[in-house]
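Participant: You'll find model_33.txt just under this line, and it carries compact mmCIF, C-alpha atoms.
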```
# COMPACT_ATOMS: atom_id res chain seq x y z
CA MET A 1 0.00 0.00 0.00
CA PRO A 2 1.47 3.42 -0.91
CA TYR A 3 2.34 5.76 1.94
CA GLN A 4 0.77 9.18 2.47
CA PHE A 5 1.42 12.19 4.67
CA GLU A 6 -1.38 10.99 6.93
CA ASP A 7 0.75 7.91 7.68
CA LEU A 8 3.53 10.14 9.04
CA LYS A 9 1.04 11.72 11.42
CA LYS A 10 -0.29 8.30 12.50
CA ARG A 11 3.23 7.04 13.20
CA CYS A 12 3.94 10.16 15.28
CA GLN A 13 0.47 10.62 16.75
CA SER A 14 1.54 11.52 20.29
CA GLU A 15 4.08 14.11 19.12
CA TRP A 16 1.65 15.56 16.59
CA ARG A 17 -1.17 15.98 19.13
CA ALA A 18 1.25 17.51 21.64
CA TYR A 19 2.23 20.02 18.97
CA ILE A 20 -1.23 20.84 17.60
CA GLU A 21 -2.82 21.02 21.07
CA HIS A 22 0.06 22.64 22.95
CA SER A 23 -0.68 24.93 25.90
CA PHE A 24 0.59 27.91 23.89
CA VAL A 25 -1.98 27.13 21.20
CA LYS A 26 -4.83 26.56 23.68
CA GLN A 27 -4.10 29.81 25.51
CA LEU A 28 -3.85 31.66 22.22
CA GLY A 29 -7.28 30.32 21.31
CA ASP A 30 -9.05 31.11 24.60
CA ALA A 31 -7.38 34.56 24.82
CA SER A 32 -5.54 33.75 28.06
CA LEU A 33 -2.00 33.82 26.61
CA ALA A 34 0.23 36.45 28.20
CA PRO A 35 0.88 39.29 25.72
CA GLU A 36 4.59 39.12 26.54
CA ALA A 37 4.67 35.44 25.54
CA PHE A 38 3.02 36.21 22.21
CA GLN A 39 5.41 39.10 21.58
CA HIS A 40 8.39 36.86 22.31
CA TYR A 41 7.02 34.28 19.88
CA LEU A 42 6.44 36.92 17.20
CA LYS A 43 10.01 38.16 17.44
CA GLN A 44 11.45 34.68 17.10
CA ASP A 45 9.03 33.82 14.31
CA TYR A 46 10.53 36.70 12.30
CA LEU A 47 13.95 35.08 12.63
CA PHE A 48 12.38 31.73 11.81
CA LEU A 49 10.98 33.13 8.55
CA ILE A 50 14.42 34.27 7.46
CA GLN A 51 15.78 30.75 7.92
CA PHE A 52 12.64 29.39 6.23
CA ALA A 53 13.54 31.49 3.18
CA ARG A 54 16.99 29.90 3.19
CA ALA A 55 15.31 26.48 3.26
CA PHE A 56 13.36 27.33 0.10
CA ALA A 57 16.58 28.48 -1.53
CA LEU A 58 18.03 25.09 -0.63
CA ALA A 59 14.89 23.45 -2.05
CA ALA A 60 15.59 25.19 -5.34
CA TYR A 61 19.12 23.78 -5.38
CA LYS A 62 17.80 20.31 -4.55
CA SER A 63 15.00 20.40 -7.13
CA PRO A 64 15.31 17.59 -9.71
CA THR A 65 12.58 18.93 -12.02
CA LEU A 66 11.55 22.29 -13.44
CA SER A 67 8.22 21.98 -11.63
CA ASP A 68 9.97 21.53 -8.27
CA LEU A 69 12.30 24.43 -9.08
CA ARG A 70 9.37 26.72 -9.79
CA GLN A 71 7.64 25.63 -6.58
CA ALA A 72 10.75 26.46 -4.56
CA LYS A 73 11.11 29.82 -6.29
CA GLU A 74 7.47 30.68 -5.53
CA GLY A 75 7.92 29.72 -1.88
CA LEU A 76 11.07 31.84 -1.54
CA GLN A 77 9.43 34.78 -3.29
CA ALA A 78 6.33 34.55 -1.08
CA ILE A 79 8.42 34.74 2.08
CA LEU A 80 10.72 37.54 0.91
CA ASP A 81 8.14 39.69 -0.90
CA VAL A 82 4.98 39.07 1.13
CA GLU A 83 5.25 37.19 4.42
CA LEU A 84 8.16 39.08 5.94
CA ASP A 85 6.55 42.44 5.16
CA LEU A 86 3.25 41.26 6.64
CA HIS A 87 5.06 39.94 9.71
CA ILE A 88 6.90 43.23 10.22
CA ARG A 89 3.60 45.15 10.05
CA TYR A 90 1.94 42.69 12.43
CA CYS A 91 4.83 43.04 14.88
CA ARG A 92 4.47 46.81 14.69
CA GLU A 93 0.84 46.45 15.81
CA TRP A 94 2.18 44.62 18.86
CA GLY A 95 4.67 47.36 19.67
CA ILE A 96 7.71 45.65 18.11
CA SER A 97 9.70 47.87 15.75
CA GLU A 98 11.52 46.70 12.63
CA GLN A 99 14.74 48.01 14.14
CA GLU A 100 14.23 45.76 17.18
CA LEU A 101 13.66 42.76 14.90
CA THR A 102 16.91 43.32 12.98
CA VAL A 103 19.10 43.06 16.09
CA LEU A 104 17.35 40.18 17.84
CA PRO A 105 19.43 37.19 18.94
CA GLU A 106 18.00 33.81 18.00
CA ALA A 107 16.57 31.75 20.83
CA ARG A 108 17.96 28.25 21.20
CA ALA A 109 14.66 26.70 20.09
CA THR A 110 14.73 28.82 16.92
CA ILE A 111 18.27 27.74 16.13
CA ALA A 112 17.50 24.09 16.88
CA TYR A 113 14.57 23.68 14.51
CA THR A 114 15.71 25.88 11.65
CA ARG A 115 19.22 24.44 11.53
CA TYR A 116 17.79 20.94 11.79
CA VAL A 117 15.71 21.64 8.69
CA LEU A 118 18.69 23.02 6.78
CA ASP A 119 20.96 20.18 7.89
CA THR A 120 18.36 17.59 6.91
CA GLY A 121 17.97 19.20 3.50
CA ASN A 122 21.72 19.39 2.98
CA ARG A 123 22.25 15.74 3.91
CA GLY A 124 19.22 14.38 2.10
CA ASP A 125 17.10 15.09 -0.95
CA LEU A 126 14.12 17.33 -1.63
CA LEU A 127 11.69 14.92 0.05
CA ASP A 128 13.78 14.91 3.24
CA LEU A 129 13.66 18.70 3.27
CA HIS A 130 9.90 18.88 2.73
CA VAL A 131 9.22 16.32 5.47
CA ALA A 132 11.35 18.36 7.88
CA LEU A 133 9.41 21.51 6.93
CA SER A 134 5.98 19.90 7.01
CA PRO A 135 5.22 20.33 10.74
CA CYS A 136 5.34 24.06 10.08
CA MET A 137 3.86 24.15 6.58
CA VAL A 138 0.99 21.79 7.40
CA GLY A 139 0.84 22.11 11.17
CA TYR A 140 -0.11 25.78 11.34
CA GLY A 141 -3.09 25.18 9.06
CA GLU A 142 -4.21 22.22 11.19
CA ILE A 143 -3.76 24.28 14.35
CA ALA A 144 -6.00 27.03 12.98
CA ASN A 145 -8.64 24.45 12.02
CA TRP A 146 -8.42 22.80 15.43
CA LEU A 147 -8.83 26.15 17.17
CA HIS A 148 -11.79 26.99 14.94
CA SER A 149 -13.48 23.71 15.94
CA ARG A 150 -13.05 24.23 19.70
CA ALA A 151 -15.95 25.61 21.71
CA GLU A 152 -13.43 27.24 24.06
CA THR A 153 -11.84 29.34 21.32
CA VAL A 154 -12.72 33.03 21.54
CA ARG A 155 -13.20 34.81 18.22
CA GLY A 156 -13.47 38.43 17.20
CA ASP A 157 -12.54 41.53 19.18
CA ASN A 158 -12.61 39.63 22.47
CA ASN A 159 -9.43 37.78 21.48
CA PRO A 160 -6.31 39.83 20.68
CA TYR A 161 -4.92 36.79 18.85
CA ASP A 162 -7.89 36.32 16.53
CA ALA A 163 -6.00 37.82 13.57
CA TRP A 164 -3.32 35.13 13.97
CA ILE A 165 -5.94 32.37 13.84
CA ALA A 166 -7.66 34.01 10.86
CA MET A 167 -4.39 34.22 8.93
CA TYR A 168 -3.83 30.46 9.07
CA GLU A 169 -7.44 29.46 8.49
CA SER A 170 -7.62 31.72 5.43
CA GLY A 171 -8.39 30.16 2.07
CA GLU A 172 -4.97 31.12 0.76
CA PHE A 173 -3.05 29.39 3.55
CA GLN A 174 -5.36 26.36 3.59
CA GLU A 175 -4.84 25.88 -0.15
CA ALA A 176 -1.06 26.16 0.29
CA MET A 177 -1.30 23.52 3.03
CA GLN A 178 -3.32 21.17 0.83
CA ALA A 179 -0.90 21.70 -2.07
CA GLU A 180 1.98 20.70 0.21
CA ILE A 181 0.11 17.58 1.36
CA ARG A 182 -0.59 16.63 -2.26
CA TRP A 183 3.10 17.07 -3.14
CA LEU A 184 4.13 14.90 -0.19
CA ASP A 185 1.52 12.23 -0.97
CA GLU A 186 2.80 11.90 -4.54
CA ARG A 187 6.41 11.39 -3.41
CA LEU A 188 5.65 9.21 -0.38
CA ALA A 189 3.63 6.83 -2.55
CA ASP A 190 6.86 5.63 -4.19
CA VAL A 191 9.09 5.09 -1.14
CA SER A 192 10.05 1.76 0.42
CA SER A 193 9.19 0.80 3.98
CA ALA A 194 12.81 1.38 5.05
CA ARG A 195 12.81 4.84 3.47
CA PHE A 196 9.48 5.64 5.11
CA ASP A 197 10.92 4.65 8.50
CA GLN A 198 13.74 7.12 7.91
CA LEU A 199 11.32 9.89 6.95
CA THR A 200 9.20 9.11 10.00
CA ARG A 201 12.21 9.78 12.24
CA THR A 202 12.72 13.11 10.51
CA PHE A 203 9.06 14.02 10.91
CA SER A 204 9.11 13.06 14.59
CA ASP A 205 12.27 15.09 15.25
CA ALA A 206 10.91 18.14 13.45
CA THR A 207 7.58 17.93 15.29
CA ARG A 208 9.33 17.71 18.67
CA LEU A 209 11.40 20.76 17.75
CA GLU A 210 8.20 22.63 16.89
CA ILE A 211 6.89 21.72 20.35
CA ASP A 212 10.05 23.25 21.78
CA PHE A 213 9.33 26.41 19.77
CA TRP A 214 5.92 26.73 21.47
CA GLU A 215 7.59 26.10 24.84
CA MET A 216 10.09 28.86 24.06
CA GLY A 217 7.23 31.29 23.42
CA LEU A 218 5.23 30.22 26.45
CA LYS A 219 8.19 30.49 28.84
CA GLN A 220 9.75 33.47 26.98
CA SER A 221 13.08 31.67 27.05
CA ASP A 222 16.23 32.61 25.15
```
Take the structure I supplied and represent it as structure tokens, if you would.
Facilitator:
Amino acid sequence: MPYQFEDLKKRCQSEWRAYIEHSFVKQLGDASLAPEAFQHYLKQDYLFLIQFARAFALAAYKSPTLSDLRQAKEGLQAILDVELDLHIRYCREWGISEQELTVLPEARATIAYTRYVLDTGNRGDLLDLHVALSPCMVGYGEIANWLHSRAETVRGDNNPYDAWIAMYESGEFQEAMQAEIRWLDERLADVSSARFDQLTRTFSDATRLEIDFWEMGLKQSD
């Protein structure tokens, strides 16, 4: 039977649930998250995006086909031309200046996950890189959907984090998430059981590092 992305999640069910349903996420949804914790997360997420752009540049280098090359180029362009500008403006709304962002030191959790992604991509192929990125690329969309489905989630003006939820449940992001899942499903369908075991370890590691990123935000740790 061919493998799919869903099989990665099933193999790593405990890690995936701990990531999707983390305390940071729950508190963000019910509007109880400390503003300082969210600000700390936002600052580090800016640094994360810069490394994410580097990962897409690496994806371009690793691309075996013109289609993959174009996909990598579009991802890099989206981060550099759209997402970073949006993030800077969003940070400004939370009292974080662009100047402050440019001199921030990376937290250890930021370094750990982003360098793991880049190292995995350097050592492996394009599929290895996408699997390492998938907890972020797919996970944020699933988190927004999970928050939307919860009765405890506060929406609208009563939740200062509602705009964050709305961003990741938007049609544009949800379509990007589904496109990534489709890409992964097509490649995973052709791998052997031994190769899938290897990719499962990568997915598990990356998911655990994403959990650490939430912990970093929640505890405001460096």
Participant: Applying 10 Å and only C-alpha atoms, which residues near range 66-82 of chain A remain after dropping the ones on its own chain fewer than 5 positions away? List them as a list in words.
Facilitator: Leu49, Ile50, Phe52, Ala53, Arg54, Ala55, Phe56, Ala57, Leu58, Ala59, Ala60, Tyr61, His87, Leu126, Ala176 and Trp183 of chain A
Participant: Excluding range 132-144 of chain A and any residue of its chain fewer than 6 positions from it, enumerate the residues within 6 Å of it, using only C-alpha atoms, and give them as an MDAnalysis selection string.
Facilitator: chainID A and resid 20 117 165 168:169 177 203 206:207
Participant: If I take CA of Leu118 in chain A and CA of His130 in chain A, how far is one from the other in Å, to one decimal?
Facilitator: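 Spanning CA of Leu118 in chain A to CA of His130 in chain A is a straight-line distance of 10.5 Å.
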Participant: Just give me the gap between CA of Cys12 in chain A and CA of Ser204 in chain A in Å, one decimal is fine.
Facilitator: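 We find that CA of Cys12 in chain A and CA of Ser204 in chain A lie 6.0 Å from each other.
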Participant: Which polymer residues have any atom within 12 Å of an atom of Asp190 in chain A, counting all atoms listed in the file, with same-chain residues fewer than 6 positions away left out, as an MDAnalysis selection string?
Facilitator: chainID A and resid 1:4 127 184 196
Participant: Give me the residues near Gly95 in chain A as a list in words, where near means some atom within 9 Å (using all atoms listed in the file) and where sequence neighbours in that chain fewer than 3 positions away do not count.
Facilitator: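 In the requested form, the answer reads Gln39, Cys91 and Arg92 of chain A.
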Participant: Just the number, please: distance in Å from CA of Leu129 in chain A to CA of Arg108 in chain A, one decimal.
Facilitator: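 Separation of CA of Leu129 in chain A and CA of Arg108 in chain A: 20.8 Å.
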Participant: Under the rule that all atoms listed in the file are counted, which of A:Gln51, A:Thr102, A:Gln178, A:Thr153 is the nearest residue to Tyr116 in chain A?
Facilitator: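 So, comparing all the options, the nearest one is A:Gln51.
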Participant: Of the candidates A:Arg17, A:Arg123, A:Arg150, A:Lys26, which one gets nearest to Arg208 in chain A if we count only C-alpha atoms?
Facilitator: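 For Arg208 in chain A, the nearest of the given residues is A:Arg17.
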Participant: Taking only C-alpha atoms into account, which of A:Asp125, A:Glu83, A:Glu15, A:Glu172 comes nearest Glu210 in chain A?
Facilitator: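 Smallest distance to Glu210 in chain A is found for A:Glu15.
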Participant: Which residue gives the smallest distance to Met167 in chain A among A:Ala109, A:Tyr90, A:Ala151, A:Thr120, with all atoms listed in the file counted?
Facilitator: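 Looking at the shortest contact to Met167 in chain A, the residue is A:Tyr90.
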Participant: Have a look at A:Lys9, A:Ser192, A:Ala18, A:Leu209 and name the one nearest to Ala112 in chain A; count all atoms listed in the file.
Facilitator: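 Among the listed residues, A:Leu209 lies closest to Ala112 in chain A.
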Participant: When you count all atoms listed in the file, which of these residues is closest to Lys43 in chain A: A:Trp94, A:Tyr19, A:Tyr161, A:Phe173?
Facilitator: A:Trp94
